[in-house]
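First the structure, in the form of structure tokens, and then the observations on it.
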Amino acid sequence: MELIARTIGMDPLEFRRKNLLKPGSITLTGEKITDHTGDIRKCLDSVAAAIGYGALTAAEKAREAKTGLKIGKGVATLHKAPAMPSNTATLVVVKMNADGSVIANVGLTDIGQGSTTALAQIAAERLRFPLDKVKVTIEKDTDRDPYDWQTVASKGLIITGNAVILACEDLLARAYELAGQALRAHPRDLDHDGEKIFVRHDLEHSVLFTQLALGYTHPDGSGVGGPLIGVGRYIAQGLTNLNKDSGQGLPALDWTYGAHGIIVEVNPATGAYHILKIASAYDVGKAINPELIRGQCVGGMVQGLGTALCEGYIYDQQGRLLNPSFTDNKIPTSKDLPDEIECIIVERAQVDGPYGARGVGEHPMISVAPALGNAILAATGAELTHMPIRSEDVWRAMNSHAPVETWITKTPAGSCRSIPVDG
């Protein structure tokens with residue numbers, strides 16, 4: 001895309017703007033993009049502004065003059081939807097404890113993405129309870145925990161979040177029914193806060209959740225109801241299989257748009273480079289927890305850097321894998337991080353998401369490599385379209401006379417090096 005734009009004499013950023021998906025656009029599978037799909041243009045413009053795309057600042061020009069290195073800026077966009085069966089479903093059970101707190105039992109596993117906290121926030125919001133009165137189970141056991149399809153595909157927040165809301169609504173409905181008996185009032189005339197259910201036109205006429213949690217006991221000692229529990233079931237809505245002949249169908253539950261912008265500094269003699277800044281923006285629909293989103297963004301970005309910078313399988317001419325362990329197949333460390341990282345949250349609510357939220361789990365790593373390649377192209381004129389982008393690859397691309405084809409051999413020390421093949 002970068003070279004196409006330059007070939008036709010158009011700024012690459014403007015070329016992207018003209019070709020972005022927008023409301024009314026039809027995807028390759030026939031899905032229509034709507035207003036609530038997300039704002040990819042805002043994501044792109046946000047990262048472009050964050051890196052000062054289009055020109056070098058006075059400070060950057062001075063840095064080039066002082067170091068002899070070349071600075072380039074590049075952007076790339078992304079969009080992704082959860083990949084899953086069209087009947088993907090989950091179940092959530094919310095029960096109330098004797099002290100009026102609640103526990104949400106979910107099958108979704110928290111592997112570091114922060115779902116436990118986000119789902120607790122969603123439950124607290126729907127129940128109108130303080131967050132400290134809501135707990136989401138962490139330990140999982142398929143013998144006792146409710147069903148969840150899988151903890152993959154960036155679908156956890158939207159599908160399990162919706163199920164949490166439905167379970168909380170079921171719990172409240174049962175609590176209102178029981179409170180109506182206790183207060184001799186119709187449930188439609190009731191309301192609640194974090195401690196009690198009350199009659200809306202007579203606020204002093206109320207009953208505590210602690211009085212309802214395990215069943216209500218009348219003054220004469222007779223009991224009604226029983227332990228309060230709510231069940232929420234949610235299944236992916238509106239999805240279909242792809243037609244095998246036409247490729248048409250609706251495989252996407254929700255899209256998440258995003259973009260990366262990178263400033264890179266390249267040695268024009270050796271091809272060695274360093275990332276000065278990376279800016280990332282994602283339309284998350286509604287940010288349930290901005291700090292957790294930042295954690296997702298930075299973690300995914302570092303994974304994307306691994307793909308872009310150094311990770312990759314290397315084989316010799318006989319097809320033998322030469323780097324089967326992390327000794328030779330390097331992953332990024334703290335020394336590989338950019339000097340500056342900026343995460344930007346864009347919000348255009350997903351109408352069927354929990355409070356407008358959509359997933360952002362895997363998206364941060366997707367367009368790091370193309371943004372890096374575009375930044376190197378801007379700095380040196382060297383086009384790189386494969387991963388990983390090693391310094392030697394940049395050097396070869398800058399020197400068109402250098403042989404491109406390589407084969408790999410093993411050095412005595414055990415590390416891998418590329419050997420040019422003449423002719």
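Scheme for the structure tokens: letters A, B, ... for chains in order shown; per-chain residue numbers from 1; ligand numbers from 1 in order shown.
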Near-Asn374 in chain A list (9 Å; only C-alpha atoms; drop same-chain fewer than 4 positions) as JSON, numbers by chain
{"A": [2, 72, 73, 74, 75, 76, 262, 369, 370, 378, 379, 383, 384]}
Those same residues, written as a compact mmCIF listing (two decimals), in the first residue's frame with C-alpha atoms?
# COMPACT_ATOMS: atom_id res chain seq x y z
CA GLU A 2 2.85 2.34 0.82
CA GLY A 72 11.44 7.58 9.37
CA LYS A 73 7.78 7.44 10.34
CA GLY A 74 5.24 4.85 9.31
CA VAL A 75 1.64 3.90 10.06
CA ALA A 76 -0.53 0.84 9.49
CA ILE A 262 6.19 4.03 14.55
CA ALA A 369 5.35 -5.23 11.56
CA PRO A 370 3.86 -3.29 8.61
CA ALA A 378 10.33 6.33 4.84
CA ALA A 379 13.80 6.56 6.41
CA GLU A 383 11.09 -1.92 1.01
CA LEU A 384 10.75 -4.88 3.38
Which residues of range 93-171 of chain A come within 12 Å of range 291-299 of chain A, and for each one, what is the closest pair of atoms and their distance in Å to one decimal, counting only C-alpha atoms, sorted by chain and residue number, as CSV?
residue,atom,partner,partner_atom,distance
A:Ile111,CA,A:Gln296,CA,11.6
A:Gly112,CA,A:Gln296,CA,8.9
A:Gln113,CA,A:Gln296,CA,6.5
A:Gly114,CA,A:Leu292,CA,6.2
A:Ser115,CA,A:Leu292,CA,8.9
A:Thr116,CA,A:Leu292,CA,10.8
A:Thr117,CA,A:Leu292,CA,8.8
A:Ala118,CA,A:Leu292,CA,8.3
A:Leu119,CA,A:Leu292,CA,12.0
A:Ser154,CA,A:Gln296,CA,11.0
A:Leu157,CA,A:Ile293,CA,11.7
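Using only C-alpha atoms, the smallest distance between any of A:Thr151, A:Gln303, A:Ser206, A:Asn399 and Ala83 in chain A comes from A:Thr151.
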Could you pull the residues within 9 Å of range 229-243 of chain A, counting only C-alpha atoms, minus those fewer than 4 positions along the same chain, as an MDAnalysis selection string?
chainID A and resid 29 85:96 159:160 162:175 213 247:253 352
For range 32-36 of chain A, list every protein, DNA or RNA residue within 6 Å, evaluated using only C-alpha atoms, and leave out those in the same chain fewer than 6 positions away; present the list as JSON, numbers by chain.
{"A": [23, 24, 25, 26, 350]}
When DSSP is applied to the backbone of this structure, which of range 33-216 of chain A are assigned strand (DSSP E or B)? Write them out as an MDAnalysis selection string.
chainID A and resid 70:80 89:96 102:106 134:136 148 190:192 196:199 202:208 216
